[in-house]
Amino acid sequence: MKKIFLILITAATLASCSDDLEKLNVNVKDPANVPGEVLFTSAQKSLVDQMVSTNVNDNIFRLINQYWTETVYTDESNYDLVTRTIPEQHWQYLYKDVLKDLDQSAKNITDTPLGLTENPLDKQNKLAIIEVLNVYTYAILVETFGDVPYSQALNLTYKTPKYDDGLTIYKDLITRLNKAITNLNPSGASFGGNDRIYNGDVAKWVKFANTLKLRLGITISDVTTESALAKATVASAAPFVFTSNDDNADFKYLTATPNTNPLYVDLVASGRSDFVPTSTLINVMNTLKDPRRSKYFDNNVDDKSTPDVEYIGGTNGGSNSFANYTHISPTMQLPDFSGTILDYAGTEFLLAEAAERSLFGTPADAASHYNAAITASILDWGGTQAEATTYLANPAVAYATAGTNWKQKIGNQAWIAYYNNSFEGYSTYRRLDFPVLVAPADAVSDIPVRYTYPIIEQSLNKASYTAASAAIGGDDVTTKLFWDKF
């Protein structure tokens, strides 16, 4: 998409400057000469592309979290992160295609003089929104790897940037987010159509920023040294978070290449049949008679010997015949199916967790947030209120009877709801340790709780890599990060 933007900009520049040959000497492909708004759109798309992709070269969180499994080539379902250098791709996308473009976008917008009729708040809002996405992206990096380059990351002066302490980064991200929220002013405009998530609606970005802040506070809630910060962060964010599915951070894809949803690219345009949903997920949803099954899956097969079982999941990590197992929902494979990075259902699960931790409200409030989360998920997938009510009445789902402790109750249902937001499901699984997942029989490791650092860092930035690996307790997929305490 970035290339298309640059081509259009180049063409427009040449057309408008045909009478001034001297201006043709300007390098319009230099990022410094690209409008900051265009770079913002490119960074936003790159971010969502990476987070929703299921390309096994780039993102295997759906496989780690046992939502999907592979059919013929099963390395990634068995947690082989190295053969395809998956950590490197995740790292490169977020640093190079997201953070660097956001950085240059902010510089270009800052350097562009205000027009005679332009409201100064518009520029302020644009810079604040860029900062919010910076915080989101760095949080993903920290939650994926642990210690990462931060203070020196985008400064080309540093050829071998140091890795900063993950908790130190996280605390600074909260500070940055607080400032960005203060700078967001709905009285002004922002990116308009260049914003493919909220179409420039600043009030929506205020909710997004506070929802992200809630998420950051919950993430560090088990870090005993930061209990006061966690509570202050959660309590100050919670009143201003998402309040309905209308607030969901859905990136609007288009029906034409190259602006289609990556799932369409990976599942349809590729002409491949590489994935089926796992029995791990389908068996749970079958048992619960979950109304989202018809939205998550295609009932192309059913178990003739067991009435009521319309969905059959593949063996996680095994070799699965594509024809013999339930397929992924056709809706998810549409080219313009939205990509979601934060949503209302997830917000209510976070609020339920906040209540149980007494960070906002009390444990008595948890059930209502839990019910709201499940209802929001069912409605967002096209289900009905009646279906949600029936589902919540199931003793295996009802908050009072669904499990032996709150982590089990929230963790199991959040995992189901995060079916199409696999990184959030992965983070919730690591924090709450539910559901109980079992590594495949042929897995090369236990279930990863982090990505290992990119192999290229060992050769190009060895001293920093070595220091970071030692600081987190070893560069291994089973090394728990600072926030994953139990």
# chains A, B, ... in the order shown; residues from 1 in each chain; ligands from 1
$ closest_atom_pairs --of "stretch 52-94 of chain A" --to "stretch 464-481 of chain A" --cutoff "12 Å" --atoms "only C-alpha atoms" --output "Markdown table"
| residue | atom | partner | partner_atom | distance |
| --- | --- | --- | --- | --- |
| A:Ile64 | CA | A:Val477 | CA | 11.3 |
| A:Tyr79 | CA | A:Val477 | CA | 9.2 |
| A:Asp80 | CA | A:Val477 | CA | 10.2 |
| A:Leu81 | CA | A:Val477 | CA | 9.2 |
| A:Val82 | CA | A:Val477 | CA | 11.0 |
| A:Pro87 | CA | A:Val477 | CA | 10.9 |
$ write_last_selection --atoms "N, CA, C and O atoms" --output "short mmCIF file (atom, residue, chain, number, x, y, z; two decimals), in the first residue's frame"
data_model
loop_
_atom_site.label_atom_id
_atom_site.label_comp_id
_atom_site.auth_asym_id
_atom_site.auth_seq_id
_atom_site.Cartn_x
_atom_site.Cartn_y
_atom_site.Cartn_z
N ILE A 64 -0.19 -20.89 18.02
CA ILE A 64 0.29 -21.04 19.40
C ILE A 64 -0.89 -21.14 20.35
O ILE A 64 -0.91 -21.94 21.29
N TYR A 79 5.27 -25.36 17.06
CA TYR A 79 6.06 -24.30 17.71
C TYR A 79 7.48 -24.16 17.18
O TYR A 79 8.39 -23.75 17.91
N ASP A 80 7.67 -24.46 15.91
CA ASP A 80 8.95 -24.17 15.27
C ASP A 80 8.92 -22.72 14.81
O ASP A 80 8.31 -22.38 13.80
N LEU A 81 9.58 -21.85 15.55
CA LEU A 81 9.62 -20.43 15.24
C LEU A 81 10.82 -20.05 14.39
O LEU A 81 10.89 -18.93 13.89
N VAL A 82 11.77 -20.97 14.26
CA VAL A 82 13.09 -20.61 13.74
C VAL A 82 13.22 -20.84 12.23
O VAL A 82 13.81 -20.02 11.52
N PRO A 87 10.04 -14.76 14.33
CA PRO A 87 10.27 -13.60 15.20
C PRO A 87 10.87 -12.41 14.46
O PRO A 87 10.52 -11.26 14.74
#
$ residues_around --residues "stretch 310-312 of chain A" --least-positions-apart "4" --cutoff "12 Å" --atoms "only C-alpha atoms" --output "PyMOL selection string"
chain A and resi 276-287+289-290+292-306+320-329
$ write_last_selection --atoms "N, CA, C and O atoms" --output "compact mmCIF listing (two decimals), in the first residue's frame"
# COMPACT_ATOMS: atom_id res chain seq x y z
N VAL A 276 -7.12 -25.54 9.43
CA VAL A 276 -8.46 -25.89 9.91
C VAL A 276 -8.53 -25.51 11.39
O VAL A 276 -7.50 -25.46 12.07
N PRO A 277 -9.72 -25.22 11.91
CA PRO A 277 -9.84 -24.95 13.34
C PRO A 277 -9.47 -26.19 14.14
O PRO A 277 -9.64 -27.32 13.66
N THR A 278 -8.99 -25.99 15.35
CA THR A 278 -8.55 -27.12 16.17
C THR A 278 -9.70 -27.79 16.92
O THR A 278 -10.70 -27.14 17.25
N SER A 279 -9.50 -29.05 17.22
CA SER A 279 -10.44 -29.73 18.10
C SER A 279 -10.37 -29.13 19.50
O SER A 279 -11.35 -29.18 20.26
N THR A 280 -9.23 -28.54 19.87
CA THR A 280 -9.09 -27.89 21.18
C THR A 280 -10.20 -26.87 21.37
O THR A 280 -10.87 -26.83 22.41
N LEU A 281 -10.41 -26.02 20.38
CA LEU A 281 -11.43 -24.98 20.47
C LEU A 281 -12.82 -25.53 20.16
O LEU A 281 -13.78 -25.26 20.89
N ILE A 282 -12.93 -26.28 19.08
CA ILE A 282 -14.25 -26.73 18.64
C ILE A 282 -14.91 -27.64 19.68
O ILE A 282 -16.12 -27.53 19.93
N ASN A 283 -14.15 -28.51 20.31
CA ASN A 283 -14.74 -29.41 21.30
C ASN A 283 -15.32 -28.63 22.48
O ASN A 283 -16.38 -28.97 23.01
N VAL A 284 -14.61 -27.59 22.90
CA VAL A 284 -15.12 -26.75 23.99
C VAL A 284 -16.41 -26.06 23.56
O VAL A 284 -17.41 -26.06 24.30
N MET A 285 -16.41 -25.48 22.37
CA MET A 285 -17.59 -24.76 21.91
C MET A 285 -18.76 -25.69 21.63
O MET A 285 -19.93 -25.33 21.84
N ASN A 286 -18.46 -26.91 21.16
CA ASN A 286 -19.53 -27.90 20.98
C ASN A 286 -20.17 -28.26 22.32
O ASN A 286 -21.40 -28.33 22.45
N THR A 287 -19.34 -28.50 23.31
CA THR A 287 -19.84 -28.87 24.64
C THR A 287 -20.72 -27.77 25.22
O THR A 287 -21.76 -28.04 25.83
N LYS A 289 -22.36 -25.63 23.46
CA LYS A 289 -23.35 -25.23 22.46
C LYS A 289 -23.25 -23.73 22.17
O LYS A 289 -24.24 -22.99 22.14
N ASP A 290 -22.04 -23.31 21.97
CA ASP A 290 -21.76 -21.89 21.78
C ASP A 290 -22.39 -21.39 20.47
O ASP A 290 -22.15 -21.95 19.41
N ARG A 292 -21.67 -18.96 18.69
CA ARG A 292 -20.72 -18.39 17.75
C ARG A 292 -20.11 -19.42 16.81
O ARG A 292 -19.38 -19.06 15.88
N ARG A 293 -20.41 -20.69 17.00
CA ARG A 293 -19.83 -21.72 16.13
C ARG A 293 -20.18 -21.46 14.67
O ARG A 293 -19.33 -21.60 13.79
N SER A 294 -21.42 -21.09 14.40
CA SER A 294 -21.84 -20.87 13.02
C SER A 294 -21.21 -19.60 12.43
O SER A 294 -21.25 -19.41 11.21
N LYS A 295 -20.64 -18.76 13.28
CA LYS A 295 -19.97 -17.54 12.82
C LYS A 295 -18.46 -17.77 12.67
O LYS A 295 -17.84 -17.22 11.77
N TYR A 296 -17.91 -18.58 13.55
CA TYR A 296 -16.48 -18.87 13.52
C TYR A 296 -16.11 -19.90 12.45
O TYR A 296 -15.02 -19.86 11.88
N PHE A 297 -17.04 -20.85 12.22
CA PHE A 297 -16.71 -22.02 11.40
C PHE A 297 -17.72 -22.23 10.27
O PHE A 297 -18.84 -21.74 10.32
N ASP A 298 -17.28 -22.99 9.31
CA ASP A 298 -18.14 -23.44 8.21
C ASP A 298 -18.53 -24.88 8.51
O ASP A 298 -17.66 -25.75 8.65
N ASN A 299 -19.83 -25.16 8.63
CA ASN A 299 -20.24 -26.54 8.96
C ASN A 299 -20.27 -27.41 7.71
O ASN A 299 -21.28 -28.00 7.34
N ASN A 300 -19.11 -27.50 7.08
CA ASN A 300 -18.98 -28.29 5.86
C ASN A 300 -18.94 -29.79 6.13
O ASN A 300 -19.11 -30.60 5.23
N VAL A 301 -18.69 -30.17 7.39
CA VAL A 301 -18.72 -31.59 7.76
C VAL A 301 -19.45 -31.71 9.10
O VAL A 301 -19.55 -30.76 9.85
N ASP A 302 -19.97 -32.87 9.38
CA ASP A 302 -20.55 -33.10 10.70
C ASP A 302 -20.34 -34.56 11.07
O ASP A 302 -20.03 -35.41 10.25
N ASP A 303 -20.47 -34.80 12.36
CA ASP A 303 -20.28 -36.15 12.89
C ASP A 303 -21.62 -36.89 12.81
O ASP A 303 -22.52 -36.66 13.60
N LYS A 304 -21.74 -37.78 11.83
CA LYS A 304 -23.01 -38.47 11.60
C LYS A 304 -23.38 -39.37 12.78
O LYS A 304 -24.55 -39.64 13.03
N SER A 305 -22.37 -39.82 13.52
CA SER A 305 -22.64 -40.74 14.62
C SER A 305 -23.10 -40.01 15.88
O SER A 305 -23.61 -40.63 16.81
N THR A 306 -22.89 -38.71 15.91
CA THR A 306 -23.26 -37.95 17.11
C THR A 306 -24.13 -36.77 16.69
O THR A 306 -23.60 -35.73 16.28
N ASN A 320 -3.55 -33.02 9.15
CA ASN A 320 -5.00 -33.04 9.06
C ASN A 320 -5.47 -32.93 7.61
O ASN A 320 -5.03 -32.03 6.89
N SER A 321 -6.33 -33.82 7.22
CA SER A 321 -6.91 -33.73 5.88
C SER A 321 -7.89 -32.57 5.83
O SER A 321 -8.87 -32.53 6.59
N PHE A 322 -7.63 -31.62 4.96
CA PHE A 322 -8.47 -30.43 4.88
C PHE A 322 -9.93 -30.80 4.62
O PHE A 322 -10.85 -30.19 5.18
N ALA A 323 -10.17 -31.80 3.82
CA ALA A 323 -11.55 -32.16 3.44
C ALA A 323 -12.33 -32.78 4.60
O ALA A 323 -13.56 -32.75 4.61
N ASN A 324 -11.63 -33.35 5.57
CA ASN A 324 -12.30 -34.12 6.63
C ASN A 324 -12.64 -33.31 7.87
O ASN A 324 -13.23 -33.86 8.81
N TYR A 325 -12.26 -32.04 7.89
CA TYR A 325 -12.48 -31.25 9.09
C TYR A 325 -13.22 -29.95 8.78
O TYR A 325 -13.24 -29.47 7.63
N THR A 326 -13.82 -29.41 9.81
CA THR A 326 -14.52 -28.13 9.70
C THR A 326 -13.58 -27.06 9.16
O THR A 326 -12.39 -27.03 9.51
N HIS A 327 -14.11 -26.19 8.33
CA HIS A 327 -13.31 -25.11 7.75
C HIS A 327 -13.57 -23.78 8.47
O HIS A 327 -14.50 -23.66 9.27
N ILE A 328 -12.75 -22.82 8.15
CA ILE A 328 -12.86 -21.49 8.72
C ILE A 328 -14.04 -20.77 8.08
O ILE A 328 -14.33 -20.95 6.89
N SER A 329 -14.71 -19.95 8.85
CA SER A 329 -15.89 -19.24 8.38
C SER A 329 -15.66 -18.51 7.06
O SER A 329 -14.67 -17.80 6.91
$ residues_around --residues "A:Tyr170" --least-positions-apart "2" --cutoff "9 Å" --atoms "only C-alpha atoms" --output "ChimeraX atom specification"
/A:135,138-139,142,165-168,172-175,216,220
$ write_last_selection --atoms "N, CA and C atoms" --output "tab-separated table (two decimals), in the first residue's frame"
chain	number	residue	atom	x	y	z
A	135	VAL	N	2.52	3.78	21.29
A	135	VAL	CA	2.43	3.08	22.57
A	135	VAL	C	1.89	1.66	22.36
A	138	TYR	N	4.73	-0.53	20.69
A	138	TYR	CA	5.81	-0.88	21.61
A	138	TYR	C	5.33	-1.88	22.66
A	139	ALA	N	4.08	-1.73	23.10
A	139	ALA	CA	3.54	-2.68	24.07
A	139	ALA	C	3.50	-4.08	23.48
A	142	VAL	N	7.07	-5.49	23.55
A	142	VAL	CA	7.49	-5.90	24.90
A	142	VAL	C	6.78	-7.18	25.31
A	165	ASP	N	15.05	-2.29	29.50
A	165	ASP	CA	14.30	-3.16	30.39
A	165	ASP	C	12.81	-3.09	30.09
A	166	GLY	N	12.16	-4.25	29.98
A	166	GLY	CA	10.77	-4.30	29.59
A	166	GLY	C	9.84	-3.54	30.52
A	167	LEU	N	10.01	-3.70	31.82
A	167	LEU	CA	9.15	-3.01	32.78
A	167	LEU	C	9.37	-1.50	32.70
A	168	THR	N	10.64	-1.08	32.55
A	168	THR	CA	10.94	0.34	32.41
A	168	THR	C	10.25	0.92	31.18
A	172	ASP	N	7.13	3.77	31.02
A	172	ASP	CA	7.24	4.97	30.20
A	172	ASP	C	6.10	5.04	29.20
A	173	LEU	N	5.66	3.90	28.70
A	173	LEU	CA	4.53	3.89	27.77
A	173	LEU	C	3.26	4.43	28.44
A	174	ILE	N	3.07	4.09	29.70
A	174	ILE	CA	1.91	4.61	30.43
A	174	ILE	C	2.00	6.13	30.56
A	175	THR	N	3.20	6.63	30.85
A	175	THR	CA	3.41	8.08	30.93
A	175	THR	C	3.12	8.75	29.59
A	216	LEU	N	-2.90	-1.86	29.58
A	216	LEU	CA	-1.55	-1.79	30.13
A	216	LEU	C	-1.55	-1.95	31.64
A	220	ILE	N	0.27	-5.27	33.98
A	220	ILE	CA	1.29	-5.23	35.04
A	220	ILE	C	0.71	-5.48	36.42
$ closest_atom_pairs --of "stretch 377-444 of chain A" --to "stretch 358-372 of chain A" --cutoff "8 Å" --atoms "only C-alpha atoms" --output "CSV"
residue,atom,partner,partner_atom,distance
A:Leu392,CA,A:Asn371,CA,7.1
A:Tyr399,CA,A:Ala367,CA,5.8
A:Ala400,CA,A:Ala367,CA,7.8
A:Ile410,CA,A:Tyr370,CA,7.1
$ residues_around --residues "stretch 91-102 of chain A" --least-positions-apart "3" --cutoff "9 Å" --atoms "only C-alpha atoms" --output "PyMOL selection string"
chain A and resi 31+36+39-40+42-47+50+58+86-88+105-107+130-131+133-134+137-138+140-141+153-154+453-454
$ residues_around --residues "A:Phe337" --least-positions-apart "5" --cutoff "7 Å" --atoms "only C-alpha atoms" --output "CSV table (one decimal) with N, CA, C and O atoms, in the first residue's frame"
chain,number,residue,atom,x,y,z
A,253,TYR,N,-10.9,-2.7,5.6
A,253,TYR,CA,-10.2,-3.2,4.4
A,253,TYR,C,-11.1,-3.0,3.2
A,253,TYR,O,-12.3,-2.7,3.3
A,261,ASN,N,-8.1,-7.7,3.3
A,261,ASN,CA,-7.7,-8.3,4.6
A,261,ASN,C,-6.7,-9.4,4.4
A,261,ASN,O,-6.8,-10.2,3.5
A,332,MET,N,-15.0,-14.7,7.4
A,332,MET,CA,-13.6,-14.2,7.7
A,332,MET,C,-12.7,-14.2,6.5
A,332,MET,O,-11.7,-13.6,6.6
$ select_by_dssp --residues "stretch 214-422 of chain A" --states "strand (DSSP E)" --output "list in words"
Ala249, Asp250, Phe251, Phe275, Val276, Pro277, Phe297, Asp298, His327, Ile328, Gly339, Thr340, Ile341 and Leu342 of chain A
$ atom_distance --atom1 "atom CA of A:Asp266" --atom2 "atom CA of A:Thr85"
18.0 Å
$ closest_residue --among "A:Ile378, A:Thr384, A:Ala232, A:Gln66" --to "A:Trp415" --atoms "only C-alpha atoms"
A:Gln66
$ atom_distance --atom1 "atom CA of A:Ile218" --atom2 "atom CA of A:Ala180"
19.3 Å
$ select_by_dssp --residues "stretch 162-230 of chain A" --states "alpha helix (DSSP H)" --output "VMD selection string"
chain A and resid 166 to 183 202 to 219 227 to 230
$ closest_residue --among "A:Asp103, A:Glu226, A:Asp247, A:Asp147" --to "A:Lys171" --atoms "only C-alpha atoms"
A:Glu226
$ closest_residue --among "A:Asp222, A:Pro291, A:Leu184, A:Thr233" --to "A:Gly382" --atoms "only C-alpha atoms"
A:Pro291
$ closest_residue --among "A:Phe434, A:His90, A:Pro161, A:Ile60" --to "A:Asp75" --atoms "only C-alpha atoms"
A:Ile60
$ residues_around --residues "A:Asp246" --least-positions-apart "4" --cutoff "12 Å" --atoms "only C-alpha atoms" --output "compact mmCIF listing (two decimals) with N, CA, C and O atoms, in the first residue's frame"
# COMPACT_ATOMS: atom_id res chain seq x y z
N ILE A 197 -9.42 3.39 10.66
CA ILE A 197 -10.09 2.77 11.81
C ILE A 197 -11.28 3.61 12.26
O ILE A 197 -12.41 3.13 12.33
N TYR A 198 -11.05 4.89 12.53
CA TYR A 198 -12.12 5.74 13.05
C TYR A 198 -12.47 6.93 12.16
O TYR A 198 -13.21 7.81 12.58
N LYS A 204 -13.52 8.90 19.41
CA LYS A 204 -13.28 7.45 19.38
C LYS A 204 -11.84 7.14 19.78
O LYS A 204 -11.56 6.15 20.47
N LYS A 207 -11.43 7.10 23.48
CA LYS A 207 -11.85 5.82 24.06
C LYS A 207 -10.81 4.73 23.79
O LYS A 207 -10.51 3.91 24.68
N PHE A 208 -10.26 4.71 22.57
CA PHE A 208 -9.24 3.72 22.25
C PHE A 208 -8.05 3.88 23.19
O PHE A 208 -7.52 2.89 23.73
N PHE A 242 -14.13 1.83 25.94
CA PHE A 242 -15.18 1.43 25.01
C PHE A 242 -16.46 1.09 25.79
O PHE A 242 -16.42 0.44 26.83
N ASP A 250 -11.77 -1.36 14.42
CA ASP A 250 -11.84 -2.20 13.23
C ASP A 250 -11.22 -1.46 12.05
O ASP A 250 -11.73 -0.41 11.63
N LEU A 342 -8.48 -3.88 19.01
CA LEU A 342 -9.08 -3.76 20.35
C LEU A 342 -10.59 -3.73 20.16
O LEU A 342 -11.09 -3.14 19.21
N ASP A 343 -11.32 -4.35 21.11
CA ASP A 343 -12.78 -4.34 20.96
C ASP A 343 -13.48 -4.23 22.30
O ASP A 343 -12.87 -4.31 23.37
N TYR A 344 -14.78 -4.02 22.23
CA TYR A 344 -15.59 -3.80 23.43
C TYR A 344 -15.68 -5.07 24.27
O TYR A 344 -15.62 -5.01 25.50
N ALA A 345 -15.83 -6.23 23.63
CA ALA A 345 -15.91 -7.47 24.40
C ALA A 345 -14.65 -7.65 25.24
O ALA A 345 -14.72 -7.97 26.44
N ALA A 376 -21.46 -8.99 24.21
CA ALA A 376 -20.89 -8.14 23.16
C ALA A 376 -20.24 -8.97 22.07
O ALA A 376 -20.37 -8.67 20.87
N LEU A 379 -23.02 -10.67 19.93
CA LEU A 379 -23.70 -9.68 19.07
C LEU A 379 -22.77 -9.19 17.97
O LEU A 379 -23.21 -8.98 16.83
N ASP A 380 -21.51 -9.01 18.28
CA ASP A 380 -20.57 -8.51 17.28
C ASP A 380 -20.39 -9.50 16.14
O ASP A 380 -20.12 -9.10 15.00
$ atom_distance --atom1 "atom CA of A:Ser53" --atom2 "atom CA of A:Pro262"
5.2 Å
$ decode --residues "stretch 414-427 of chain A" --atoms "N, CA and C atoms" --output "short mmCIF file (atom, residue, chain, number, x, y, z; two decimals), in the first residue's frame"
data_model
loop_
_atom_site.label_atom_id
_atom_site.label_comp_id
_atom_site.auth_asym_id
_atom_site.auth_seq_id
_atom_site.Cartn_x
_atom_site.Cartn_y
_atom_site.Cartn_z
N ALA A 414 -12.70 -15.54 27.62
CA ALA A 414 -11.94 -14.54 26.85
C ALA A 414 -11.22 -15.23 25.70
N TRP A 415 -10.69 -16.41 25.94
CA TRP A 415 -9.99 -17.17 24.90
C TRP A 415 -10.93 -17.46 23.73
N ILE A 416 -12.16 -17.83 24.03
CA ILE A 416 -13.14 -18.08 22.96
C ILE A 416 -13.45 -16.79 22.22
N ALA A 417 -13.66 -15.72 22.96
CA ALA A 417 -14.07 -14.45 22.34
C ALA A 417 -12.96 -13.84 21.49
N TYR A 418 -11.71 -14.13 21.83
CA TYR A 418 -10.57 -13.55 21.10
C TYR A 418 -10.19 -14.39 19.87
N TYR A 419 -11.09 -15.20 19.40
CA TYR A 419 -10.82 -16.09 18.26
C TYR A 419 -10.20 -15.36 17.08
N ASN A 420 -10.67 -14.16 16.80
CA ASN A 420 -10.12 -13.42 15.67
C ASN A 420 -9.19 -12.29 16.10
N ASN A 421 -8.75 -12.31 17.32
CA ASN A 421 -7.76 -11.34 17.82
C ASN A 421 -6.75 -12.13 18.62
N SER A 422 -5.98 -12.93 17.91
CA SER A 422 -5.20 -13.99 18.54
C SER A 422 -4.12 -13.47 19.48
N PHE A 423 -3.56 -12.30 19.23
CA PHE A 423 -2.53 -11.81 20.15
C PHE A 423 -3.15 -11.46 21.50
N GLU A 424 -4.35 -10.87 21.50
CA GLU A 424 -5.00 -10.57 22.77
C GLU A 424 -5.36 -11.86 23.50
N GLY A 425 -5.79 -12.87 22.74
CA GLY A 425 -6.06 -14.15 23.37
C GLY A 425 -4.80 -14.76 23.96
N TYR A 426 -3.69 -14.60 23.26
CA TYR A 426 -2.41 -15.13 23.72
C TYR A 426 -1.95 -14.43 24.99
N SER A 427 -2.10 -13.11 25.04
CA SER A 427 -1.69 -12.35 26.22
C SER A 427 -2.56 -12.71 27.42
#
